[in-house]
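Structure first, commentary second.
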Amino acid sequence: MVKITVVGVGPGSADYISPLAMSCIERADVLVGGRRHLEALARPEQETYPLTADLSGLPAYLRRQAGRRVVVLATGDPGLYGILTFLRQHFTAEQLQVIPGVSAVQLAFARLAMPWQDALICSVHGRDINDAVLDQLKQARKAAVLTGPACPPRQLARALTHIMPRATVYLCCDLSLPGERVMMLTVGELAQLGEEITSNCVMVIINE
Ligand SMILES: C[S@@+](CC[C@H](N)C(=O)[O-])C[C@H]1O[C@@H](n2cnc3c(N)ncnc32)[C@H](O)[C@@H]1O
């Protein structure tokens, strides 16, 4: 039976990779992950499998690795809008060992020194804004939204201007990376921004 270790590598900086995650990565025979992660973490003797948007070949590849130590690298925590959703469609819980990572959402709330057990967590990464997401956001007093190329921050703010123009947005971009930025503005101000922000962002929205 194939056994796959899915490792959360945090939001960007290696400082957020846990010692347990690092030791799994170092002992792996095969590393699967995005190019950025593989470039940063793979050693020359390790076999690598770069992930792309097309994951169709991945399950068969992983099954062929039975008997080898296989590690799949995931941004942040694998279970929060990560590759674990896809892997659980193809493998049982017994076939997967998950090593948690620090999520970008966790780090965003940490940067704001703000508790988050009462926050709605949702994602528009890789998907269009739909009414269901807008309805959820409308009802939430505190929310964290993972934005992405399909729906970057200004676009989401424009969809929210009629619902909550004065809500406060903390735009937490490229967390833990050299260009990290945290900006505070209103939904209305973000909707009017001169240019779209294309970096990795978590939008924390406070609507009180
Ligand atoms: C596919 S989701 C993966 C989330 C990941 N599993 C986690 O737990 O953070 C990718 C989104 O996470 C957010 N993200 C990832 N890294 C980030 C960073 N360093 N700073 C801010 N947001 C980040 C962005 O919203 C990005 O579009």
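Here, A, B, ... name the chains of the structure tokens in the order displayed, residue numbers run from 1 inside each chain, and ligands are numbered from 1 in the same displayed order.
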Write out, as a Markdown table, each residue of chain A that has an atom at most 9 Å from ligand 1, together with the closest pair of atoms and their distance in Å to one decimal, counting only C-alpha atoms and all ligand atoms, rows going by chain and rising number.
```
| residue | atom | partner | partner_atom_place_in_ligand_line | distance |
| --- | --- | --- | --- | --- |
| A:Gly8 | CA | ligand 1 | 6 (N) | 7.7 |
| A:Gly10 | CA | ligand 1 | 9 (O) | 6.9 |
| A:Pro11 | CA | ligand 1 | 19 (N) | 4.2 |
| A:Gly12 | CA | ligand 1 | 19 (N) | 5.0 |
| A:Ser13 | CA | ligand 1 | 19 (N) | 7.9 |
| A:Ala74 | CA | ligand 1 | 6 (N) | 6.5 |
| A:Thr75 | CA | ligand 1 | 5 (C) | 4.9 |
| A:Gly76 | CA | ligand 1 | 7 (C) | 3.6 |
| A:Asp77 | CA | ligand 1 | 8 (O) | 3.8 |
| A:Pro78 | CA | ligand 1 | 6 (N) | 5.0 |
| A:Gly79 | CA | ligand 1 | 6 (N) | 6.4 |
| A:Leu80 | CA | ligand 1 | 6 (N) | 4.6 |
| A:Tyr81 | CA | ligand 1 | 6 (N) | 5.1 |
| A:Gly82 | CA | ligand 1 | 6 (N) | 4.3 |
| A:Ile83 | CA | ligand 1 | 6 (N) | 7.6 |
| A:Leu84 | CA | ligand 1 | 6 (N) | 8.9 |
| A:Gly101 | CA | ligand 1 | 8 (O) | 7.2 |
| A:Val102 | CA | ligand 1 | 8 (O) | 6.6 |
| A:Ser103 | CA | ligand 1 | 8 (O) | 3.5 |
| A:Ala104 | CA | ligand 1 | 9 (O) | 3.7 |
| A:Val105 | CA | ligand 1 | 9 (O) | 5.8 |
| A:Gln106 | CA | ligand 1 | 9 (O) | 7.7 |
| A:Leu107 | CA | ligand 1 | 20 (N) | 8.1 |
| A:Ala108 | CA | ligand 1 | 21 (C) | 7.2 |
| A:Ser123 | CA | ligand 1 | 25 (O) | 7.4 |
| A:Val124 | CA | ligand 1 | 27 (O) | 8.0 |
| A:His125 | CA | ligand 1 | 27 (O) | 5.2 |
| A:Gly126 | CA | ligand 1 | 1 (C) | 7.7 |
| A:Val145 | CA | ligand 1 | 25 (O) | 7.0 |
| A:Leu146 | CA | ligand 1 | 25 (O) | 3.5 |
| A:Thr147 | CA | ligand 1 | 25 (O) | 4.2 |
| A:Gly148 | CA | ligand 1 | 27 (O) | 4.1 |
| A:Pro149 | CA | ligand 1 | 27 (O) | 7.3 |
| A:Pro152 | CA | ligand 1 | 27 (O) | 8.6 |
| A:Leu171 | CA | ligand 1 | 21 (C) | 8.7 |
| A:Cys172 | CA | ligand 1 | 21 (C) | 5.7 |
| A:Cys173 | CA | ligand 1 | 21 (C) | 4.5 |
| A:Asp174 | CA | ligand 1 | 20 (N) | 3.7 |
| A:Leu175 | CA | ligand 1 | 20 (N) | 3.7 |
| A:Ser176 | CA | ligand 1 | 19 (N) | 5.8 |
| A:Leu177 | CA | ligand 1 | 19 (N) | 6.3 |
| A:Glu180 | CA | ligand 1 | 20 (N) | 7.5 |
| A:Arg181 | CA | ligand 1 | 20 (N) | 8.9 |
| A:Ser199 | CA | ligand 1 | 21 (C) | 7.7 |
| A:Asn200 | CA | ligand 1 | 22 (N) | 4.3 |
| A:Cys201 | CA | ligand 1 | 22 (N) | 3.8 |
| A:Val202 | CA | ligand 1 | 22 (N) | 4.7 |
| A:Met203 | CA | ligand 1 | 25 (O) | 7.8 |
```
Test item, strand (DSSP E) assignment across region 32-183 of chain A, answer as a PyMOL selection string
chain A and resi 32-33+47-50+70-74+96-99+120-123+142-146+168-173+181-183
Non-local contacts of Thr48 (chain A) (7 Å; only C-alpha atoms; under 4 positions in same chain excluded) as JSON, numbers by chain:
{"A": [30, 31, 32]}
Near region 131-142 of chain A, within 7 Å and counting only C-alpha atoms, which residues show up once chain neighbours fewer than 2 positions away are dropped, as a list in words?
Ala119, Leu120, Ile129, Ile163, Ile205, Ile206, Asn207 and Glu208 of chain A
Please produce a file of the residues just selected, as a compact mmCIF listing (two decimals), in the first residue's frame, where the atoms kept are N, CA and C atoms.
```txt
# COMPACT_ATOMS: atom_id res chain seq x y z
N ALA A 119 -13.94 33.82 13.39
CA ALA A 119 -13.88 34.34 12.02
C ALA A 119 -14.43 33.33 11.00
N LEU A 120 -15.08 33.85 9.99
CA LEU A 120 -15.45 33.05 8.82
C LEU A 120 -14.20 32.95 7.94
N ILE A 129 -16.23 35.12 -7.79
CA ILE A 129 -17.05 35.48 -6.63
C ILE A 129 -18.48 35.03 -6.95
N ILE A 163 -22.58 46.35 -0.28
CA ILE A 163 -23.02 45.63 0.92
C ILE A 163 -22.42 46.25 2.18
N ILE A 205 -11.52 40.99 6.88
CA ILE A 205 -12.59 41.99 6.78
C ILE A 205 -13.32 42.06 8.12
N ILE A 206 -13.37 43.27 8.66
CA ILE A 206 -14.08 43.48 9.93
C ILE A 206 -15.29 44.37 9.64
N ASN A 207 -16.47 43.83 9.85
CA ASN A 207 -17.70 44.53 9.49
C ASN A 207 -18.58 44.64 10.74
N GLU A 208 -18.33 45.68 11.55
CA GLU A 208 -19.06 45.78 12.82
C GLU A 208 -20.07 46.91 12.79
```
Of the residues A:Thr186, A:Thr168, A:Gln117, A:Gln95, which is the one nearest to Ala66 (chain A), using only C-alpha atoms?
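Ranked by minimum distance to Ala66 (chain A), first place goes to A:Gln95.
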Mind giving me the straight-line distance from CA of Leu41 (chain A) to CA of Ala110 (chain A) in Å, one decimal?
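It comes out at 25.4 Å.
In this structure, CA of Val71 (chain A) sits 27.2 Å away from CA of Arg127 (chain A).
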Which residue out of A:Arg43, A:Arg154, A:Arg27, A:Arg166 has the minimum interatomic distance to Arg69 (chain A) when only C-alpha atoms are used?
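For Arg69 (chain A), the nearest of the candidates is A:Arg27.
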I'd like to know which residues of region 87-120 of chain A are helix (DSSP H, G or I) (by DSSP, run on the backbone); could you write them as a ChimeraX atom specification?
/A:87-90,93-95,104-111
